[in-house]
file query-v9.cif (mmCIF, C-alpha atoms (C1' of nucleotides))
data_structure
loop_
_atom_site.label_atom_id
_atom_site.label_comp_id
_atom_site.auth_asym_id
_atom_site.auth_seq_id
_atom_site.Cartn_x
_atom_site.Cartn_y
_atom_site.Cartn_z
CA MET B 46 55.79 -59.06 -28.49
CA PRO B 47 57.92 -56.00 -28.28
CA GLU B 48 58.90 -54.53 -31.60
CA LEU B 49 59.97 -50.98 -32.29
CA PRO B 50 56.76 -49.22 -31.11
CA GLU B 51 56.57 -51.18 -27.86
CA VAL B 52 60.23 -50.61 -27.04
CA HIS B 53 59.68 -46.93 -27.83
CA GLY B 54 56.99 -46.99 -25.15
CA TYR B 55 59.33 -48.73 -22.71
CA LYS B 56 61.89 -45.98 -23.29
CA ILE B 57 59.34 -43.31 -22.38
CA TYR B 58 58.32 -45.37 -19.35
CA LEU B 59 61.89 -45.72 -18.11
CA ASP B 60 62.59 -42.04 -18.78
CA SER B 61 59.71 -41.08 -16.54
CA THR B 62 60.40 -43.58 -13.75
CA SER B 63 64.00 -44.68 -13.54
CA LEU B 64 66.40 -41.84 -14.33
CA HIS B 65 68.57 -39.94 -11.81
CA LYS B 66 67.98 -42.31 -8.90
CA LYS B 67 70.87 -44.09 -7.27
CA ILE B 68 70.76 -47.88 -7.73
CA THR B 69 71.18 -49.56 -4.36
CA ALA B 70 70.59 -53.24 -5.10
CA MET B 71 70.37 -55.74 -7.90
CA GLU B 72 68.82 -59.17 -7.83
CA CYS B 73 68.80 -61.77 -10.59
CA ARG B 74 66.79 -64.94 -10.36
CA ASP B 75 68.12 -66.52 -13.55
CA LYS B 76 71.69 -65.82 -14.61
CA ARG B 77 71.01 -66.97 -18.18
CA LEU B 78 69.48 -63.56 -18.79
CA LEU B 79 72.84 -61.92 -18.12
CA LYS B 80 75.45 -61.87 -20.86
CA LYS B 81 78.18 -61.16 -18.29
CA PRO B 82 78.71 -62.36 -14.70
CA LEU B 83 76.35 -60.82 -12.14
CA GLY B 84 79.36 -59.25 -10.41
CA ASP B 85 80.11 -57.21 -13.52
CA PHE B 86 76.61 -55.77 -13.51
CA GLU B 87 76.77 -55.00 -9.79
CA LYS B 88 80.09 -53.27 -10.23
CA ALA B 89 78.77 -51.22 -13.15
CA LEU B 90 75.39 -50.31 -11.65
CA LEU B 91 75.44 -50.23 -7.83
CA GLY B 92 75.89 -46.70 -6.55
CA GLU B 93 75.31 -45.28 -10.03
CA SER B 94 72.20 -43.79 -11.65
CA PHE B 95 70.71 -43.97 -15.12
CA THR B 96 71.11 -40.67 -16.90
CA GLU B 97 69.62 -41.14 -20.34
CA THR B 98 68.14 -43.84 -22.59
CA VAL B 99 68.83 -44.49 -26.26
CA ARG B 100 66.76 -46.82 -28.41
CA ILE B 101 67.98 -48.45 -31.61
CA GLY B 102 65.39 -50.80 -33.06
CA LYS B 103 64.41 -53.22 -30.30
CA TYR B 104 67.59 -52.52 -28.32
CA LEU B 105 67.34 -50.15 -25.37
CA PHE B 106 70.52 -48.61 -23.94
CA LEU B 107 70.59 -47.00 -20.48
CA LYS B 108 73.54 -44.70 -19.94
CA THR B 109 74.78 -44.41 -16.37
CA THR B 110 76.77 -42.01 -14.23
CA GLY B 111 79.51 -44.68 -14.40
CA SER B 112 81.56 -45.71 -17.41
CA LYS B 113 79.24 -48.51 -18.55
CA THR B 114 75.95 -48.45 -20.41
CA LEU B 115 73.32 -51.07 -19.64
CA LEU B 116 71.75 -52.69 -22.68
CA MET B 117 68.34 -54.35 -22.41
CA HIS B 118 66.79 -56.57 -25.04
CA PHE B 119 63.26 -57.71 -24.28
CA GLY B 120 63.15 -60.80 -26.46
CA MET B 121 59.62 -61.84 -27.32
CA THR B 122 57.86 -61.39 -24.02
CA GLY B 123 59.60 -58.71 -22.01
CA ARG B 124 58.70 -55.39 -20.42
CA PRO B 125 59.90 -53.11 -17.64
CA ASN B 126 57.82 -52.69 -14.51
CA TYR B 127 58.47 -49.98 -11.93
CA TYR B 128 56.76 -50.62 -8.62
CA LYS B 129 56.87 -49.67 -4.97
CA ASP B 130 56.12 -52.55 -2.66
CA ARG B 131 58.25 -55.66 -2.49
CA GLU B 132 55.18 -57.89 -2.65
CA ASP B 133 54.17 -56.32 -5.96
CA ARG B 134 57.12 -57.94 -7.69
CA PRO B 135 55.72 -59.29 -10.96
CA LYS B 136 55.63 -63.03 -11.41
CA PHE B 137 58.14 -63.01 -14.26
CA GLY B 138 60.30 -60.17 -12.92
CA HIS B 139 63.48 -62.18 -13.14
CA ILE B 140 65.83 -59.23 -12.70
CA VAL B 141 65.07 -56.46 -10.22
CA LEU B 142 66.94 -53.25 -9.48
CA THR B 143 66.20 -51.24 -6.34
CA PHE B 144 66.61 -47.47 -6.20
CA GLU B 145 67.48 -45.23 -3.27
CA ASN B 146 63.80 -44.22 -2.99
CA ALA B 147 63.06 -47.94 -2.29
CA PHE B 148 61.13 -48.33 -5.56
CA HIS B 149 62.03 -51.28 -7.75
CA LEU B 150 62.47 -51.78 -11.45
CA ALA B 151 61.70 -55.29 -12.66
CA PHE B 152 62.74 -56.71 -15.99
CA GLU B 153 59.79 -58.96 -16.76
CA ASN B 154 60.58 -61.79 -19.13
CA LYS B 155 58.12 -64.63 -19.26
CA ARG B 156 59.88 -66.75 -21.88
CA LYS B 157 63.43 -65.76 -20.98
CA PHE B 158 64.53 -64.76 -24.44
CA GLY B 159 65.39 -61.28 -23.23
CA TRP B 160 68.80 -60.36 -21.86
CA TRP B 161 71.03 -57.66 -20.35
CA GLN B 162 74.48 -56.70 -21.49
CA LEU B 163 77.07 -54.12 -20.51
CA VAL B 164 78.36 -51.85 -23.24
CA ASP B 165 81.20 -49.32 -23.41
CA ASP B 166 80.09 -47.37 -26.46
CA ILE B 167 76.67 -47.49 -28.13
CA GLU B 168 77.88 -46.67 -31.62
CA ASP B 169 80.65 -49.30 -31.42
CA TYR B 170 78.13 -51.87 -30.26
CA ARG B 171 75.75 -50.98 -33.08
CA LYS B 172 78.44 -51.49 -35.70
CA GLN B 173 79.88 -54.67 -34.18
CA HIS B 174 76.44 -56.25 -34.10
CA ASN B 175 75.42 -55.13 -37.58
CA LEU B 176 72.46 -53.08 -36.48
CA SER B 177 71.20 -50.54 -38.98
CA LYS B 178 70.16 -47.08 -37.88
CA ASP B 179 66.77 -47.23 -36.21
CA ALA B 180 64.10 -47.90 -38.84
CA ARG B 181 62.37 -44.68 -37.84
CA GLU B 182 65.44 -42.62 -38.69
CA LEU B 183 66.47 -44.47 -41.83
CA SER B 184 66.37 -42.41 -45.04
CA LEU B 185 64.90 -43.69 -48.29
CA ASP B 186 68.37 -43.73 -49.86
CA GLU B 187 69.84 -45.75 -46.99
CA PHE B 188 66.96 -48.19 -47.27
CA LYS B 189 67.43 -48.65 -51.01
CA GLU B 190 71.19 -48.99 -50.53
CA SER B 191 70.62 -51.92 -48.16
CA LEU B 192 68.18 -53.58 -50.57
CA SER B 193 70.56 -53.28 -53.51
CA THR B 194 72.78 -56.16 -52.37
CA ARG B 195 69.99 -58.54 -51.41
CA LYS B 196 68.39 -61.26 -53.50
CA THR B 197 65.86 -62.94 -51.22
CA ASP B 198 62.23 -62.36 -50.21
CA ILE B 199 61.33 -58.80 -49.19
CA LYS B 200 59.83 -59.97 -45.89
CA LYS B 201 63.08 -61.67 -44.84
CA VAL B 202 65.01 -58.53 -45.72
CA ILE B 203 62.87 -56.11 -43.71
CA LEU B 204 63.05 -58.51 -40.75
CA ASP B 205 66.85 -58.26 -40.93
CA GLN B 206 68.02 -55.97 -38.13
CA SER B 207 71.01 -54.89 -40.21
CA VAL B 208 68.58 -53.42 -42.76
CA THR B 209 65.65 -52.00 -40.76
CA ALA B 210 66.35 -52.26 -37.03
CA GLY B 211 63.12 -52.49 -35.08
CA VAL B 212 60.91 -54.28 -37.61
CA GLY B 213 59.55 -57.57 -36.29
CA ASN B 214 57.14 -60.18 -37.52
CA TRP B 215 53.80 -58.38 -37.21
CA MET B 216 55.23 -55.07 -38.44
CA ALA B 217 56.72 -56.74 -41.50
CA ASP B 218 53.33 -58.20 -42.43
CA GLU B 219 51.61 -54.86 -41.79
CA ILE B 220 54.16 -52.91 -43.85
CA LEU B 221 53.85 -55.22 -46.85
CA TYR B 222 50.06 -55.17 -46.60
CA GLN B 223 50.03 -51.36 -46.58
CA ALA B 224 52.53 -51.27 -49.47
CA GLN B 225 50.56 -53.86 -51.42
CA VAL B 226 53.67 -56.01 -51.91
CA HIS B 227 53.74 -59.82 -51.66
CA PRO B 228 55.94 -61.07 -48.78
CA LYS B 229 57.76 -63.44 -51.14
CA GLN B 230 58.53 -60.71 -53.68
CA LYS B 231 62.22 -61.08 -54.58
CA VAL B 232 64.05 -57.88 -53.73
CA GLU B 233 66.21 -58.00 -56.86
CA ARG B 234 63.06 -57.90 -59.01
CA MET B 235 61.33 -55.05 -57.19
CA THR B 236 60.59 -51.82 -59.01
CA GLU B 237 61.61 -48.39 -57.70
CA THR B 238 57.95 -47.67 -57.05
CA GLN B 239 57.59 -50.79 -54.94
CA MET B 240 60.65 -49.91 -52.88
CA ASP B 241 59.29 -46.40 -52.34
CA LYS B 242 55.95 -47.85 -51.27
CA VAL B 243 57.54 -50.24 -48.79
CA TYR B 244 59.63 -47.43 -47.32
CA LYS B 245 56.62 -45.12 -47.00
CA ALA B 246 54.51 -47.91 -45.51
CA MET B 247 57.24 -48.64 -42.97
CA GLN B 248 57.31 -45.02 -41.81
CA HIS B 249 53.50 -44.92 -41.75
CA VAL B 250 53.20 -48.13 -39.70
CA ILE B 251 55.88 -47.01 -37.23
CA GLU B 252 54.38 -43.55 -36.68
CA THR B 253 50.84 -44.88 -36.44
CA ALA B 254 51.82 -47.56 -33.95
CA ILE B 255 53.72 -45.03 -31.82
CA ASP B 256 50.78 -42.61 -31.92
CA CYS B 257 48.56 -45.45 -30.66
CA ASP B 258 51.08 -46.34 -27.94
CA ALA B 259 51.43 -49.71 -29.66
CA HIS B 260 47.83 -50.49 -28.71
CA TYR B 261 46.65 -52.60 -31.65
CA ASP B 262 42.94 -52.05 -31.11
CA ASP B 263 43.40 -48.35 -31.79
CA PHE B 264 45.04 -48.88 -35.19
CA PRO B 265 43.15 -47.54 -38.23
CA LYS B 266 40.50 -49.92 -39.50
CA GLU B 267 42.40 -50.72 -42.73
CA PHE B 268 45.35 -52.12 -40.77
CA LEU B 269 46.05 -55.83 -41.20
CA MET B 270 46.38 -56.25 -37.42
CA HIS B 271 42.58 -56.27 -37.17
CA PHE B 272 42.22 -59.30 -39.44
CA ARG B 273 45.66 -60.91 -39.27
CA LYS B 274 44.47 -64.49 -39.12
CA GLU B 275 43.94 -67.30 -41.56
CA GLY B 276 40.69 -67.03 -43.52
CA ALA B 277 39.82 -63.55 -42.22
CA THR B 278 38.48 -60.94 -44.65
CA CYS B 279 40.80 -58.47 -46.35
CA TYR B 280 39.64 -54.87 -45.85
CA HIS B 281 40.40 -53.88 -49.45
CA THR B 282 39.40 -56.90 -51.55
CA GLY B 283 36.99 -58.88 -49.39
CA GLY B 284 39.20 -61.88 -50.18
CA GLU B 285 40.62 -64.27 -47.60
CA ILE B 286 43.80 -63.71 -45.64
CA GLU B 287 46.28 -66.51 -46.21
CA LYS B 288 48.94 -67.88 -43.86
CA ILE B 289 52.30 -69.03 -45.19
CA LYS B 290 55.86 -69.44 -43.88
CA VAL B 291 58.52 -66.99 -44.95
CA GLY B 292 61.97 -67.30 -43.47
CA GLY B 293 60.60 -69.76 -40.93
CA ARG B 294 58.08 -67.17 -39.68
CA SER B 295 54.29 -67.24 -39.86
CA THR B 296 53.26 -64.73 -42.47
CA TYR B 297 49.78 -63.38 -43.12
CA PHE B 298 48.87 -61.61 -46.35
CA SER B 299 46.04 -60.97 -48.79
CA PRO B 300 46.73 -62.77 -52.09
CA LYS B 301 44.29 -60.63 -54.07
CA TRP B 302 45.80 -57.42 -52.71
CA GLN B 303 49.51 -58.34 -52.63
CA LYS B 304 50.27 -60.01 -55.95
CA LEU B 305 53.63 -61.38 -57.09
"C1'" DC E 91 50.30 -84.32 -25.34
"C1'" DA E 92 52.27 -82.07 -29.31
"C1'" DC E 93 53.15 -78.10 -31.24
"C1'" DA E 94 53.00 -72.98 -32.16
"C1'" DC E 95 54.93 -68.82 -31.07
"C1'" DT E 96 58.27 -65.01 -30.66
"C1'" DG E 97 63.75 -62.57 -31.94
"C1'" DT E 98 68.43 -63.42 -31.99
"C1'" DT E 99 72.37 -66.26 -32.51
"C1'" DC E 100 75.02 -69.95 -34.15
"C1'" DG E 101 76.78 -73.18 -37.36
"C1'" DC E 102 76.83 -74.46 -41.79
"C1'" DT E 103 76.86 -74.01 -47.08
"C1'" DC E 104 77.56 -71.51 -51.09
"C1'" DC T 299 83.80 -62.37 -46.43
"C1'" DG T 300 78.99 -61.79 -47.01
"C1'" DA T 301 74.44 -63.78 -47.99
"C1'" DG T 302 71.23 -67.24 -47.03
"C1'" DC T 303 69.22 -70.88 -44.42
"C1'" DG T 304 67.60 -73.69 -40.68
"C1'" DA T 305 68.04 -75.15 -36.05
"C1'" DA T 306 68.40 -73.92 -31.33
"C1'" DC T 307 67.10 -71.45 -27.41
"C1'" DA T 308 62.71 -71.18 -22.97
"C1'" DG T 309 58.48 -71.73 -21.40
"C1'" DT T 310 53.65 -70.55 -21.64
"C1'" DG T 311 49.40 -70.99 -24.23
"C1'" DT T 312 46.34 -73.85 -27.04
#

call {"tool": "encode", "arguments": {"input": "query-v9.cif", "output": "structure tokens"}}
result
Amino acid sequence: MPELPEVHGYKIYLDSTSLHKKITAMECRDKRLLKKPLGDFEKALLGESFTETVRIGKYLFLKTTGSKTLLMHFGMTGRPNYYKDREDRPKFGHIVLTFENAFHLAFENKRKFGWWQLVDDIEDYRKQHNLSKDARELSLDEFKESLSTRKTDIKKVILDQSVTAGVGNWMADEILYQAQVHPKQKVERMTETQMDKVYKAMQHVIETAIDCDAHYDDFPKEFLMHFRKEGATCYHTGGEIEKIKVGGRSTYFSPKWQKL
DNA sequence: CACACTGTTCGCTC
DNA sequence: CGAGCGAACAGTGT
């Protein structure tokens, strides 16, 4: 489930494997993953190279030597896979690019919620699609500014990509656990201190997850990820973890630790 | 076999 | 017009 830290890792992976190599072929097994006709992608990519990647939240942009930028979104189950031999094509590698060195880059997407798009200008795209600045680069003031107009549950708001781009379902639960704030806390009734705590927890969770290469087992022992299941034991209170729905999403929290 | 799970998008209401 | 809400989307795992 790629959220900000995983996509950050994908960026590093692509930077070290897929830049500055001419693209010689493109194959797509399922056109539903393409937001434009295949021909448009071929025209934009074949004969060109990737020059640089830019990540905003869970969106990964690959600039090219041509005029277009390739945008990848991994959905819930995607990842890039750079490999050499044709027979090593991953089972769910639905889109595959081939480079001039004969290596391939597969866009793995088991559940097909991921997609590719072609973009002219990254900043224009960001604004048109109401993406905030990347959560990692958001300032406390910008965060509070976004919260000031909202009236719903804090968990829904930090899942909103126009507020904190990159935060997904597990990160939202982790952030609120670290900040000791109930997921159904109404934003309009939050104190300054609570907002500060959520912001700090968000930065802490992001940096920790990136330091661990998004490998959950390596997270500090007080992280919710280690006991994020119904009836598990809260590290701080010894109480039980509860599962509820917030904004249609499964939400895990510790009632004794995160009080309304 | 039914349903849960993921993030984004769409259509609708207020 | 912006916020909020719920359904829809695909397909594997349980």

call {"tool": "interface_residues", "arguments": {"input": "query-v9.cif", "of": "chain B", "to": "chain T", "cutoff": "7 Å", "atoms": "all atoms listed in the file", "output": "list in words"}}
result
Arg156, Lys157 and Phe158 of chain B

call {"tool": "closest_atom_pairs", "arguments": {"input": "query-v9.cif", "of": "chain E", "to": "chain B", "cutoff": "9 Å", "atoms": "all atoms listed in the file", "output": "Markdown table"}}
result
| residue | atom | partner | partner_atom | distance |
| --- | --- | --- | --- | --- |
| E:DC95 | C1' | B:Ser295 | CA | 9.0 |
| E:DT96 | C1' | B:Met121 | CA | 4.8 |
| E:DG97 | C1' | B:Gly120 | CA | 5.8 |
| E:DT98 | C1' | B:Gly120 | CA | 8.1 |

call {"tool": "atom_distance", "arguments": {"input": "query-v9.cif", "atom1": "atom CA of Phe86 of chain B", "atom2": "atom CA of Arg74 of chain B"}}
result
13.8 Å

call {"tool": "atom_distance", "arguments": {"input": "query-v9.cif", "atom1": "atom CA of Thr209 of chain B", "atom2": "atom CA of Asp179 of chain B"}}
result
6.7 Å

call {"tool": "atom_distance", "arguments": {"input": "query-v9.cif", "atom1": "atom CA of Ala246 of chain B", "atom2": "atom CA of Asp218 of chain B"}}
result
10.8 Å

call {"tool": "residues_around", "arguments": {"input": "query-v9.cif", "residues": "Lys56 of chain B", "least_positions_apart": "6", "cutoff": "8 Å", "atoms": "all atoms listed in the file", "output": "MDAnalysis selection string"}}
result
chainID B and resid 98:100 105

call {"tool": "closest_residue", "arguments": {"input": "query-v9.cif", "among": "B:Ala147, B:Leu221, B:Leu183, B:Cys73", "to": "Trp160 of chain B", "atoms": "only C-alpha atoms"}}
result
B:Cys73

call {"tool": "residues_around", "arguments": {"input": "query-v9.cif", "residues": "Ile203 of chain B", "least_positions_apart": "2", "cutoff": "10 Å", "atoms": "all atoms listed in the file", "output": "VMD selection string"}}
result
chain B and resid 180 188 191 to 192 198 to 201 205 to 214 216 to 218 220 to 221 228 243 to 244 247

call {"tool": "residues_around", "arguments": {"input": "query-v9.cif", "residues": "segment 123-131 of chain B", "least_positions_apart": "4", "cutoff": "6 Å", "atoms": "all atoms listed in the file", "output": "PyMOL selection string"}}
result
chain B and resi 119+148-154

call {"tool": "resolve_selection", "arguments": {"input": "query-v9.cif", "expression": "the PyMOL selection byres ((chain B and resi 196) around 6)", "output": "MDAnalysis selection string"}}
result
chainID B and resid 195 197 232:233

call {"tool": "build_atoms", "arguments": {"input": "query-v9.cif", "residues": "segment 101-120 of chain B", "atoms": "N, CA, C and O atoms", "output": "JSON list (two decimals), in the frame of the given file"}}
result
[["chain", "number", "residue", "atom", "x", "y", "z"],
["B", 101, "ILE", "N", 67.70, -48.14, -30.20],
["B", 101, "ILE", "CA", 67.98, -48.45, -31.61],
["B", 101, "ILE", "C", 67.22, -49.73, -31.92],
["B", 101, "ILE", "O", 67.53, -50.79, -31.37],
["B", 102, "GLY", "N", 66.21, -49.63, -32.76],
["B", 102, "GLY", "CA", 65.39, -50.80, -33.06],
["B", 102, "GLY", "C", 64.77, -51.32, -31.77],
["B", 102, "GLY", "O", 64.15, -50.58, -31.02],
["B", 103, "LYS", "N", 64.96, -52.61, -31.51],
["B", 103, "LYS", "CA", 64.41, -53.22, -30.30],
["B", 103, "LYS", "C", 65.40, -53.21, -29.15],
["B", 103, "LYS", "O", 65.16, -53.82, -28.11],
["B", 104, "TYR", "N", 66.54, -52.57, -29.34],
["B", 104, "TYR", "CA", 67.59, -52.52, -28.32],
["B", 104, "TYR", "C", 67.47, -51.23, -27.53],
["B", 104, "TYR", "O", 67.37, -50.14, -28.12],
["B", 105, "LEU", "N", 67.47, -51.34, -26.20],
["B", 105, "LEU", "CA", 67.34, -50.15, -25.37],
["B", 105, "LEU", "C", 68.58, -50.00, -24.48],
["B", 105, "LEU", "O", 68.91, -50.88, -23.69],
["B", 106, "PHE", "N", 69.28, -48.89, -24.67],
["B", 106, "PHE", "CA", 70.52, -48.61, -23.94],
["B", 106, "PHE", "C", 70.22, -47.63, -22.82],
["B", 106, "PHE", "O", 69.55, -46.62, -23.03],
["B", 107, "LEU", "N", 70.74, -47.92, -21.60],
["B", 107, "LEU", "CA", 70.59, -47.00, -20.48],
["B", 107, "LEU", "C", 71.97, -46.53, -20.05],
["B", 107, "LEU", "O", 72.75, -47.30, -19.46],
["B", 108, "LYS", "N", 72.25, -45.27, -20.35],
["B", 108, "LYS", "CA", 73.54, -44.70, -19.94],
["B", 108, "LYS", "C", 73.52, -44.49, -18.44],
["B", 108, "LYS", "O", 72.46, -44.24, -17.84],
["B", 109, "THR", "N", 74.69, -44.57, -17.82],
["B", 109, "THR", "CA", 74.78, -44.41, -16.37],
["B", 109, "THR", "C", 75.77, -43.31, -16.01],
["B", 109, "THR", "O", 76.53, -42.83, -16.86],
["B", 110, "THR", "N", 75.77, -42.96, -14.73],
["B", 110, "THR", "CA", 76.77, -42.01, -14.23],
["B", 110, "THR", "C", 78.16, -42.65, -14.19],
["B", 110, "THR", "O", 79.16, -41.96, -14.05],
["B", 111, "GLY", "N", 78.21, -43.98, -14.32],
["B", 111, "GLY", "CA", 79.51, -44.68, -14.40],
["B", 111, "GLY", "C", 79.99, -44.76, -15.83],
["B", 111, "GLY", "O", 79.48, -44.08, -16.72],
["B", 112, "SER", "N", 80.98, -45.63, -16.07],
["B", 112, "SER", "CA", 81.56, -45.71, -17.41],
["B", 112, "SER", "C", 80.80, -46.68, -18.32],
["B", 112, "SER", "O", 80.99, -46.66, -19.52],
["B", 113, "LYS", "N", 79.94, -47.51, -17.74],
["B", 113, "LYS", "CA", 79.24, -48.51, -18.55],
["B", 113, "LYS", "C", 77.82, -48.09, -18.89],
["B", 113, "LYS", "O", 77.19, -47.33, -18.15],
["B", 114, "THR", "N", 77.35, -48.61, -20.01],
["B", 114, "THR", "CA", 75.95, -48.45, -20.41],
["B", 114, "THR", "C", 75.28, -49.80, -20.32],
["B", 114, "THR", "O", 75.84, -50.80, -20.76],
["B", 115, "LEU", "N", 74.08, -49.83, -19.73],
["B", 115, "LEU", "CA", 73.32, -51.07, -19.64],
["B", 115, "LEU", "C", 72.48, -51.23, -20.90],
["B", 115, "LEU", "O", 71.80, -50.29, -21.32],
["B", 116, "LEU", "N", 72.55, -52.40, -21.49],
["B", 116, "LEU", "CA", 71.75, -52.69, -22.68],
["B", 116, "LEU", "C", 70.69, -53.73, -22.33],
["B", 116, "LEU", "O", 71.01, -54.79, -21.80],
["B", 117, "MET", "N", 69.43, -53.40, -22.61],
["B", 117, "MET", "CA", 68.34, -54.35, -22.41],
["B", 117, "MET", "C", 67.78, -54.77, -23.75],
["B", 117, "MET", "O", 67.54, -53.93, -24.62],
["B", 118, "HIS", "N", 67.57, -56.09, -23.90],
["B", 118, "HIS", "CA", 66.79, -56.57, -25.04],
["B", 118, "HIS", "C", 65.64, -57.39, -24.47],
["B", 118, "HIS", "O", 65.85, -58.26, -23.63],
["B", 119, "PHE", "N", 64.43, -57.13, -24.93],
["B", 119, "PHE", "CA", 63.26, -57.71, -24.28],
["B", 119, "PHE", "C", 62.85, -59.07, -24.84],
["B", 119, "PHE", "O", 61.92, -59.69, -24.32],
["B", 120, "GLY", "N", 63.52, -59.52, -25.88],
["B", 120, "GLY", "CA", 63.15, -60.80, -26.46],
["B", 120, "GLY", "C", 61.73, -60.75, -26.98],
["B", 120, "GLY", "O", 61.32, -59.74, -27.56]]
